[in-house]
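Taking it in order: structure first as structure tokens, then the write-up.
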Protein chains: 2
Amino acid sequence: MATDSLAVGQRSLGDPAVGYPLWPPLTEGCPRTSTASVSYPVEVDYAYERVPDGLFGSPEATTARHGLDRWAPLLPPLAAPGLGEGGTPLVGLGGGVLVKDESRNPTWSHKDRLNRCTVSAALACGAPGVVVASSGNHGASAAAYAARAGLRCVVLTSPQPPPAVVSFLHAYGAEVLPVPVEARRPLMRRVHEEYGLHPVSSLTPTHTGHPFGAEGYKTVAYEIFGEVGVPAAVFVPTGYGELLFGVAKGFAEIRRLGLASAVPRLFSCEPAAGGPLAAAVRRGLPAVTVPVGPTDAYSIACQVGGYRGVRAIGDSGGEALLVADTELDEARRELARAGLWTELSAAAGLAGLRQYGADRFDGPVVCVSTSSGFKDIAVGTLRVPPPAPDWPTVRRRLESAPGS
Amino acid sequence: MATDSLAVGQRSLGDPAVGYPLWPPLTEGCPRTSTASVSYPVEVDYAYERVPDGLFGSPEATTARHGLDRWAPLLPPLAAPGLGEGGTPLVGLGGGVLVKDESRNPTWSHKDRLNRCTVSAALACGAPGVVVASSGNHGASAAAYAARAGLRCVVLTSPQPPPAVVSFLHAYGAEVLPVPVEARRPLMRRVHEEYGLHPVSSLTPTHTGHPFGAEGYKTVAYEIFGEVGVPAAVFVPTGYGELLFGVAKGFAEIRRLGLASAVPRLFSCEPAAGGPLAAAVRRGLPAVTVPVGPTDAYSIACQVGGYRGVRAIGDSGGEALLVADTELDEARRELARAGLWTELSAAAGLAGLRQYGADRFDGPVVCVSTSSGFKDIAVGTLRVPPPAPDWPTVRRRLESAPGS
């Protein structure tokens with residue numbers, strides 16, 4: 001697999017004239033353009049002129065139906081073994097609205113696309129393992145890919161992850177350590193430095209993350225394009241903006257390769273309780289830090305923003321939306337009525353679309369749903385009533401139920 | 001979709017000379033061959049001579065990559081809207097062992113293949129909804145498909161489903177009623193009769209289930225065949241034997257259509273605490289009832305067996321295995337090390353293979369993993385230690401951890 005990649009180097013998002021070799025991955029962003037207050041990520045550059053003609057055609061072999069491997073030329077080298085990540089379906093809601101259901105991934109979130117790439121980087125660098133700061137999906141996904149690659153994984157998590165997520169984080173044999181939220185980044189840096197563990201989440205004052213991670217998210221765009229062409233818009237649950245950037249870059253590449261003449265407008269959908277990307281866009285800044293109020297959308301409630309999101313919104317002519325928890329809850333109910341149980345954070349894409357109005361688009365609109373309902377904070381806390389022992393009790397309960 | 005089906009009728013498993021029209025689905029098995037002690041299911045018969053030539057070739061359009069729709073000619077009419085079920089990956093464990101990861105389905109278990117078919121039947125029959133007796137995956141899956149189809153769903157569940165599963169069962173708006181285990185079947189019959197809700201689980205003394213349900217499971221075989229041809233064996237977590245039968249029938253159809261000259265040997269993998277299928281095979285009976293001892297594999301711990309499993313084992317030259325909870329746990333650990341977190345019951349296929357010995361086969365062996373680890377009984381009950389506030393604490397915990 002590794003030899004198929006057309007990746008040729010890293011390029012600064014702070015200044016596209018600033019380039020670096022592909023190795024080592026610049027896990028603290030661009031050293032030349034970053035300042036004390038803003039860290040600029042780097043992205044991966046490719047030999048686009050050598051992309052095989054048929055790459056975006058129908059997959060010939062069914063073995064290529066799963067795994068990022070199909071897209072290896074436009075990804076960093078996939079040194080770590082895959083788990084059949086990606087290849088998720090679009091599920092229709094009617095009215096031209098399609099849900100990209102990322103809960104069909106190996107650890108039931110979009111993060112698997114990122115971690116196939118970041119754990120591959122760790123393996124290629126010869127690191128003995130990875131370290132990640134995460135309150136859920138990112139940590140468990142990194143743990144799964146690290147386990148499969150035979151690497152150690154340390155997860156620094158929030159003091160109280162949701163009950164079901166605690167089981168999830170421990171499922172793959174990672175070392176899981178709850179740490180205070182404000183200590184997460186410095187402790188992660190220390191683990192990285194002392195044990196040589198490759199960092200697969202961000203170490204910098206504003207978010208940069210792993211330079212290879214967002215590349216994995218490009219495949220969301222490739223898959224959407226393969227099924228419906230270029231949609232009018234894509235609505236994306238947004239925390240640090242890596243998924244948003246990956247989707248934007250994927251469509252930009254499709255246009256660059258001459259396969260399409262336009263890109264979709266990208267809409268970031270952040271919890272209104274925080275919203276660093278919306279604040280940065282509003283203030284015309286590359287990245288800002290904001291206070292975060294109460295919200296149940298823990299997977300995307302971020303204090304710290306990053307420049308990737310600003311670029312995705314700006315380059316695609318999109319907008320930065322803020323959605324309240326009540327809108328998230330309503331969107332989640334709509335998804336459940338359509339047969340999809342999503343994490344509250346995962347419903348942010350649809351919540352953003354419903355706020356903005358689907359009738360403002362001409363053509364299909366895709367809402368990315370990032371994760372399964374099993375990851376939610378309330379999972380495991382519901383109580384069942386005592387059993388109904390006989391038919392009169394069953395009948396009484398059914399006839400008093402809202403659905404009767 | 002509905003018009004694509006080549007289904008022509010129902011045929012008794014008790015006597016293949018006994019046929020019935022396709023409608024109505026015989027949800028209580030074959031009335032002519034069943035006795036007071038054994039209920040024989042019916043299966044669906046097709047106009048095999050009219051199967052399109054290219055059906056088992058590579059999918060031409062990427063839109064056919066998800067959903068049972070691709071296989072519509074060999075399924076009962078798919079009247080209910082789909083959720084992109086099926087199309088799950090094979091994940092390699094090394095040594096020619098492949099895991100068919102059914103946790104990638106819409107509700108994260110194989111049951112979605114069944115419920116696409118059973119809810120379609122309910123819709124086609126004009127029923128106002130469905131009723132199902134289930135302790136987890138089957139109930140939630142039926143609820144999802146019913147919600148999508150706009151149908152009511154009543155789930156009669158065990159008195160104490162696992163904590164995370166309670167949330168799962170309620171996620172799609174179904175009416176969820178815990179009932180005593182011994183009262184489940186009579187109460188389900190009563191709900192069916194009084195409200196006209198279509199039964200999508202079994203109503204009979206030995207298991208028959210819905211005649212269209214196991215047809216959905218055939219697609220597991222079709223997909224395996226598309227990726228690796230005919231494997232040497234398939235190991236299947238087994239409760240009532242519907243999945244086992246579906247996989248066996250799918251491969252038998254592939255042979256019947258002249259696409260292969262052999263079928264794989266099928267191995268049922270039941271919890272040793274129960275094992276009605278192993279008992280029936282050992283005693284040469286079509287179906288028996290057994291006591292069930294303690295086991296954490298709640299999804300496949302069945303008192304009641306059914307004739308489908310006996311047929312699948314006999315027709316394929318397979319064997320009926322019993323696996324202890326310790327073997328299930330070891331298999332689950334092996335899967336987690338490979339990056340797959342499965343429900344304990346879902347690890348039964350691999351547990352059976354490890355007991356039987358992978359080196360006894362010449363050619364690839366597939367273990368079906370039916371469901372996600374999120375469905376397990378212990379999910380949500382793990383506690384995290386207090387946060388590690390500083391580097392010395394983090395270091396001490398990491399250096400005392402088994403992975404360090």
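Labels for the structure tokens follow display order: chains A, B, ..., residues from 1 in each chain, ligands from 1.
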Test item: chain A residues at most 6 Å from chain B, counting only C-alpha atoms, as a ChimeraX atom specification: /A:62-63,84,89,104,144-145,147-148,159,163-164,167,172,178-179,227,336-339,379-380,387-389
Who sits within 12 Å of Ala17 of chain B, only C-alpha atoms, same chain under 5 positions skipped, as a ChimeraX atom specification: /B:10-12,30,32-33,42,45
Keeping only N, CA, C and O atoms, write the selected residues as a compact mmCIF listing (two decimals), in the first residue's frame.
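As written to disk, out22.txt reads:
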```txt
# COMPACT_ATOMS: atom_id res chain seq x y z
N GLN B 10 -43.99 -19.76 -1.21
CA GLN B 10 -43.36 -20.25 0.01
C GLN B 10 -43.35 -21.78 -0.06
O GLN B 10 -44.25 -22.40 -0.63
N ARG B 11 -42.31 -22.37 0.53
CA ARG B 11 -42.15 -23.82 0.47
C ARG B 11 -41.83 -24.32 1.88
O ARG B 11 -41.05 -23.70 2.60
N SER B 12 -42.42 -25.42 2.25
CA SER B 12 -42.24 -25.95 3.60
C SER B 12 -40.85 -26.54 3.77
O SER B 12 -40.36 -27.27 2.89
N CYS B 30 -45.21 -23.82 8.71
CA CYS B 30 -45.97 -24.62 7.75
C CYS B 30 -47.12 -25.32 8.45
O CYS B 30 -46.91 -26.23 9.26
N ARG B 32 -49.19 -27.49 7.42
CA ARG B 32 -49.46 -28.89 7.06
C ARG B 32 -48.48 -29.86 7.67
O ARG B 32 -48.83 -31.01 7.91
N THR B 33 -47.24 -29.43 7.90
CA THR B 33 -46.25 -30.40 8.42
C THR B 33 -45.95 -30.21 9.90
O THR B 33 -45.36 -31.09 10.52
N VAL B 42 -41.33 -22.14 6.86
CA VAL B 42 -41.34 -22.17 5.40
C VAL B 42 -40.20 -21.26 4.92
O VAL B 42 -39.70 -20.43 5.67
N ASP B 45 -39.40 -19.35 -2.24
CA ASP B 45 -38.94 -19.97 -3.48
C ASP B 45 -38.91 -18.90 -4.59
O ASP B 45 -39.69 -17.95 -4.55
```
DSSP strand (DSSP E or B) selection over segment 7-129 of chain B, as JSON, numbers by chain: {"B": [7, 8, 9, 10, 11, 12, 19, 20, 42, 43, 44, 45, 46, 90, 91, 92, 93, 94, 97, 98, 99, 100, 101, 109, 129]}
Same residues, N, CA and C atoms, output as a CSV table (one decimal), in the first residue's frame:
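Once written, part.csv looks like this:
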```
chain,number,residue,atom,x,y,z
B,7,ALA,N,-39.4,-13.8,-6.3
B,7,ALA,CA,-40.0,-14.7,-5.4
B,7,ALA,C,-41.4,-15.2,-5.9
B,8,VAL,N,-41.6,-16.5,-5.9
B,8,VAL,CA,-42.8,-17.0,-6.5
B,8,VAL,C,-43.7,-17.7,-5.5
B,9,GLY,N,-43.2,-18.0,-4.3
B,9,GLY,CA,-44.1,-18.7,-3.4
B,9,GLY,C,-43.3,-19.1,-2.1
B,10,GLN,N,-44.0,-19.8,-1.2
B,10,GLN,CA,-43.4,-20.3,0.0
B,10,GLN,C,-43.3,-21.8,-0.1
B,11,ARG,N,-42.3,-22.4,0.5
B,11,ARG,CA,-42.2,-23.8,0.5
B,11,ARG,C,-41.8,-24.3,1.9
B,12,SER,N,-42.4,-25.4,2.3
B,12,SER,CA,-42.2,-26.0,3.6
B,12,SER,C,-40.8,-26.5,3.8
B,19,GLY,N,-46.1,-26.6,-1.0
B,19,GLY,CA,-45.9,-25.2,-1.3
B,19,GLY,C,-47.1,-24.4,-1.0
B,20,TYR,N,-46.8,-23.0,-0.9
B,20,TYR,CA,-47.9,-22.1,-0.7
B,20,TYR,C,-47.7,-20.9,-1.5
B,42,VAL,N,-41.3,-22.1,6.9
B,42,VAL,CA,-41.3,-22.2,5.4
B,42,VAL,C,-40.2,-21.3,4.9
B,43,GLU,N,-39.8,-21.5,3.7
B,43,GLU,CA,-38.8,-20.6,3.1
B,43,GLU,C,-39.4,-20.0,1.8
B,44,VAL,N,-38.7,-19.1,1.2
B,44,VAL,CA,-39.2,-18.4,0.0
B,44,VAL,C,-38.6,-19.1,-1.2
B,45,ASP,N,-39.4,-19.3,-2.2
B,45,ASP,CA,-38.9,-20.0,-3.5
B,45,ASP,C,-38.9,-18.9,-4.6
B,46,TYR,N,-38.0,-19.1,-5.5
B,46,TYR,CA,-37.8,-18.0,-6.6
B,46,TYR,C,-37.8,-18.7,-8.0
B,90,LEU,N,-15.1,-7.6,5.0
B,90,LEU,CA,-14.3,-8.7,5.6
B,90,LEU,C,-13.0,-8.1,6.2
B,91,VAL,N,-12.7,-8.4,7.4
B,91,VAL,CA,-11.5,-7.9,8.0
B,91,VAL,C,-10.6,-9.1,8.4
B,92,GLY,N,-9.4,-9.0,7.9
B,92,GLY,CA,-8.5,-10.2,8.1
B,92,GLY,C,-7.9,-10.3,9.4
B,93,LEU,N,-7.8,-11.5,10.0
B,93,LEU,CA,-7.1,-11.7,11.2
B,93,LEU,C,-5.7,-12.4,11.0
B,94,GLY,N,-5.4,-12.7,9.8
B,94,GLY,CA,-4.2,-13.4,9.5
B,94,GLY,C,-4.5,-14.9,9.4
B,97,VAL,N,-8.0,-16.3,8.1
B,97,VAL,CA,-9.2,-16.1,8.8
B,97,VAL,C,-9.8,-14.7,8.6
B,98,LEU,N,-11.0,-14.6,8.1
B,98,LEU,CA,-11.7,-13.3,7.8
B,98,LEU,C,-12.9,-13.2,8.7
B,99,VAL,N,-13.1,-11.9,9.2
B,99,VAL,CA,-14.2,-11.6,10.0
B,99,VAL,C,-15.2,-10.8,9.2
B,100,LYS,N,-16.4,-11.3,9.1
B,100,LYS,CA,-17.5,-10.5,8.4
B,100,LYS,C,-18.1,-9.6,9.5
B,101,ASP,N,-17.8,-8.3,9.4
B,101,ASP,CA,-18.1,-7.4,10.5
B,101,ASP,C,-19.5,-6.8,10.3
B,109,SER,N,-25.9,-4.3,13.8
B,109,SER,CA,-26.0,-5.7,13.9
B,109,SER,C,-26.5,-6.3,12.6
B,129,GLY,N,-48.4,-1.9,11.7
B,129,GLY,CA,-47.1,-1.9,12.4
B,129,GLY,C,-46.6,-3.3,12.6
```
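For the pair atom CA of Val155 of chain B and atom CA of Tyr298 of chain B, the interatomic distance is 16.6 Å.
Proximity to Ala273 of chain B at 12 Å, evaluated using only C-alpha atoms and with sequence-adjacent residues fewer than 3 positions away removed, yields Gly239, Cys269, Glu270, Pro276, Ala278, Ala279, Val290, Pro291, Val292, Gly293, Pro294, Thr295, Asp296, Ala297, Tyr298, Ile300, Ala301, Cys302, Gln303, Leu321, Leu322, Val323, Ala324, Asp325, Thr326 and Leu328 of chain B.
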Sel. of alpha helix (DSSP H) residues, segment 75-240 of chain B, as number ranges by chain: B: 111-124, 137-149, 163-170, 184-195, 213-228
